[in-house]
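query.cif follows (mmCIF, C-alpha atoms):
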```cif
data_model
loop_
_atom_site.group_PDB
_atom_site.id
_atom_site.type_symbol
_atom_site.label_atom_id
_atom_site.label_comp_id
_atom_site.auth_asym_id
_atom_site.auth_seq_id
_atom_site.Cartn_x
_atom_site.Cartn_y
_atom_site.Cartn_z
ATOM 1 C CA MET M 1 -12.324 -16.752 -14.711
ATOM 2 C CA ASP M 2 -9.150 -16.543 -12.624
ATOM 3 C CA GLU M 3 -6.646 -14.069 -14.070
ATOM 4 C CA GLY M 4 -3.796 -15.478 -11.976
ATOM 5 C CA ILE M 5 -3.610 -18.677 -14.017
ATOM 6 C CA ALA M 6 -2.178 -18.507 -17.532
ATOM 7 C CA GLN M 7 -4.930 -19.619 -19.883
ATOM 8 C CA PRO M 8 -3.830 -21.323 -23.108
ATOM 9 C CA GLY M 9 -6.454 -19.439 -25.180
ATOM 10 C CA LEU M 10 -4.982 -16.001 -24.428
ATOM 11 C CA SER M 11 -2.418 -14.381 -26.675
ATOM 12 C CA VAL M 12 0.866 -13.065 -25.345
ATOM 13 C CA SER M 13 -0.240 -9.461 -25.750
ATOM 14 C CA GLU M 14 -3.508 -10.171 -23.897
ATOM 15 C CA ARG M 15 -1.618 -11.748 -20.974
ATOM 16 C CA LYS M 16 0.735 -8.746 -20.853
ATOM 17 C CA HIS M 17 -2.226 -6.369 -20.917
ATOM 18 C CA ARG M 18 -4.001 -8.206 -18.085
ATOM 19 C CA ALA M 19 -0.821 -8.312 -15.988
ATOM 20 C CA LYS M 20 -0.242 -4.598 -16.585
ATOM 21 C CA ARG M 21 -3.835 -3.736 -15.578
ATOM 22 C CA PHE M 22 -3.563 -5.877 -12.442
ATOM 23 C CA ASN M 23 -0.199 -4.347 -11.515
ATOM 24 C CA GLU M 24 -1.436 -0.789 -12.002
ATOM 25 C CA GLY M 25 -4.444 -1.393 -9.760
ATOM 26 C CA LEU M 26 -2.213 -3.013 -7.162
ATOM 27 C CA LYS M 27 0.247 -0.109 -7.289
ATOM 28 C CA LEU M 28 -2.579 2.416 -6.851
ATOM 29 C CA THR M 29 -3.881 0.544 -3.815
ATOM 30 C CA ALA M 30 -0.369 0.272 -2.365
ATOM 31 C CA THR M 31 0.086 4.014 -2.896
ATOM 32 C CA LEU M 32 -3.159 4.632 -0.998
ATOM 33 C CA PHE M 33 -1.888 2.627 1.982
ATOM 34 C CA ASN M 34 1.515 4.336 1.874
ATOM 35 C CA SER M 35 -0.058 7.809 1.700
ATOM 36 C CA SER M 36 -2.314 6.917 4.611
ATOM 37 C CA ALA M 37 0.750 5.839 6.591
ATOM 38 C CA ILE M 38 2.493 9.151 5.859
ATOM 39 C CA ALA M 39 -0.617 11.116 6.871
ATOM 40 C CA THR M 40 -0.914 9.093 10.086
ATOM 41 C CA ILE M 41 2.705 9.822 10.984
ATOM 42 C CA GLY M 42 2.057 13.500 10.273
ATOM 43 C CA ILE M 43 -0.949 13.505 12.578
ATOM 44 C CA ALA M 44 1.022 11.679 15.281
ATOM 45 C CA VAL M 45 3.766 14.329 15.176
ATOM 46 C CA ILE M 46 1.940 17.561 14.337
ATOM 47 C CA ASN M 47 -1.031 17.189 16.696
ATOM 48 C CA PRO M 48 1.011 17.032 19.946
ATOM 49 C CA LEU M 49 3.258 19.865 18.780
ATOM 50 C CA ALA M 50 0.230 22.033 17.998
ATOM 51 C CA GLN M 51 -1.087 21.366 21.492
ATOM 52 C CA ARG M 52 2.326 22.260 22.940
ATOM 53 C CA HIS M 53 2.993 18.739 24.251
ATOM 54 C CA LEU M 54 6.593 17.630 23.933
ATOM 55 C CA ASP M 55 5.816 13.969 24.549
ATOM 56 C CA LEU M 56 4.748 12.530 21.190
ATOM 57 C CA LEU M 57 3.792 9.157 22.655
ATOM 58 C CA ALA M 58 1.379 10.535 25.258
ATOM 59 C CA ASP M 59 -2.383 10.656 24.708
ATOM 60 C CA GLY M 60 -2.461 7.803 22.212
ATOM 61 C CA GLY M 61 0.332 8.996 19.958
ATOM 62 C CA TRP M 62 1.912 5.559 20.107
ATOM 63 C CA THR M 63 -1.238 4.013 18.631
ATOM 64 C CA LEU M 64 -1.021 6.343 15.648
ATOM 65 C CA LEU M 65 2.607 5.413 15.094
ATOM 66 C CA ILE M 66 1.787 1.696 15.291
ATOM 67 C CA ALA M 67 -1.086 2.227 12.837
ATOM 68 C CA ALA M 68 1.317 3.986 10.452
ATOM 69 C CA ILE M 69 3.774 1.102 10.659
ATOM 70 C CA VAL M 70 0.996 -1.433 10.003
ATOM 71 C CA LEU M 71 -0.240 0.555 6.991
ATOM 72 C CA HIS M 72 3.293 0.680 5.603
ATOM 73 C CA LEU M 73 3.766 -3.066 6.118
ATOM 74 C CA ILE M 74 0.487 -3.768 4.295
ATOM 75 C CA ASP M 75 1.823 -1.635 1.447
ATOM 76 C CA GLN M 76 5.059 -3.624 1.303
ATOM 77 C CA ILE M 77 3.210 -6.953 1.354
ATOM 78 C CA MET M 78 0.936 -5.845 -1.491
ATOM 79 C CA ILE M 79 3.914 -4.936 -3.688
ATOM 80 C CA ARG M 80 5.101 -8.558 -3.499
ATOM 81 C CA PHE M 81 2.009 -9.657 -5.456
ATOM 82 C CA LEU M 82 3.040 -7.829 -8.653
ATOM 83 C CA ARG M 83 2.835 -10.049 -11.718
ATOM 84 C CA PRO M 84 5.555 -10.302 -14.373
ATOM 85 C CA GLU M 85 4.587 -8.390 -17.513
ATOM 86 C CA ASP M 86 6.815 -10.219 -19.992
#
```
Could you rewrite the structure in this file as structure tokens?
Amino acid sequence: MDEGIAQPGLSVSERKHRAKRFNEGLKLTATLFNSSAIATIGIAVINPLAQRHLDLLADGGWTLLIAAIVLHLIDQIMIRFLRPED
């Protein structure tokens, strides 16, 4: 059964409940991606400083920053799939 299509047999409160459950799961997943992006940025900045390198983009630091940007963009795309709860 596809939850994205409004079924005529469901009550209004049941549709609201399903939308709320879907949205909460989506928000938790988006938070996971956003937290991963923040951690990746932290690793990209802290690791070179701990090794006393002033160039943050050397030794693959640029790949970590690109990965953080991609994770953040995935998060933003996921938020667009929120369902109306009314």
**OP:** Would you mind telling me which residue in M:His17, M:Gly9, M:Asn47, M:Asp75 lies nearest to Ser35 (chain M) when using only C-alpha atoms?
**Re:** M:Asp75
Subject >> Selected residue of minimal separation from Ile79 (chain M) among M:Leu26, M:Leu10, M:Leu54, M:Ile46, counting only C-alpha atoms >> reply: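 Once distances to Ile79 (chain M) are computed over only C-alpha atoms, the minimum belongs to M:Leu26.
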Can you give me, as a compact mmCIF listing (two decimals) with C-alpha atoms, in the coordinates of the input, the residues this file yields under the PyMOL selection byres ((chain M and resi 38) around 12)?
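Wrote out_8.txt, looks like this:
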```
# COMPACT_ATOMS: atom_id res chain seq x y z
CA THR M 31 0.09 4.01 -2.90
CA LEU M 32 -3.16 4.63 -1.00
CA PHE M 33 -1.89 2.63 1.98
CA ASN M 34 1.52 4.34 1.87
CA SER M 35 -0.06 7.81 1.70
CA SER M 36 -2.31 6.92 4.61
CA ALA M 37 0.75 5.84 6.59
CA ALA M 39 -0.62 11.12 6.87
CA THR M 40 -0.91 9.09 10.09
CA ILE M 41 2.70 9.82 10.98
CA GLY M 42 2.06 13.50 10.27
CA ILE M 43 -0.95 13.50 12.58
CA ALA M 44 1.02 11.68 15.28
CA VAL M 45 3.77 14.33 15.18
CA ILE M 46 1.94 17.56 14.34
CA LEU M 64 -1.02 6.34 15.65
CA LEU M 65 2.61 5.41 15.09
CA ALA M 67 -1.09 2.23 12.84
CA ALA M 68 1.32 3.99 10.45
CA ILE M 69 3.77 1.10 10.66
CA VAL M 70 1.00 -1.43 10.00
CA LEU M 71 -0.24 0.56 6.99
CA HIS M 72 3.29 0.68 5.60
CA ASP M 75 1.82 -1.64 1.45
```
Original post:
Which residues fall under the PyMOL selection byres ((chain M and resi 22) around 12) in this file, as a ChimeraX atom specification?
Top reply: /M:3-4,15-21,23-29,78-79,81-85
Original post:
Smallest atom-to-atom distance to Ser13 (chain M): which of M:Leu73, M:Ala50, M:Asp86, M:Arg80, using all atoms listed in the file?
Top reply: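 Closest to Ser13 (chain M) of all the choices is M:Asp86.
In this model, the gap between CA of Ile77 (chain M) and CA of Ala30 (chain M) comes to 8.9 Å.
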Axis-aligned box for region 73-85 of chain M, 4 Å per side, centre and edges in Å as JSON:
```
{"center_x": 3.0, "center_y": -6.0, "center_z": -5.7, "size_x": 13.1, "size_y": 16.7, "size_z": 31.6}
```
**OP:** Quick one: pull the distance between CA of Ile74 (chain M) and CA of Leu57 (chain M), Å, one decimal.
**Re:**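 Computing it gives 22.7 Å between the two atoms.
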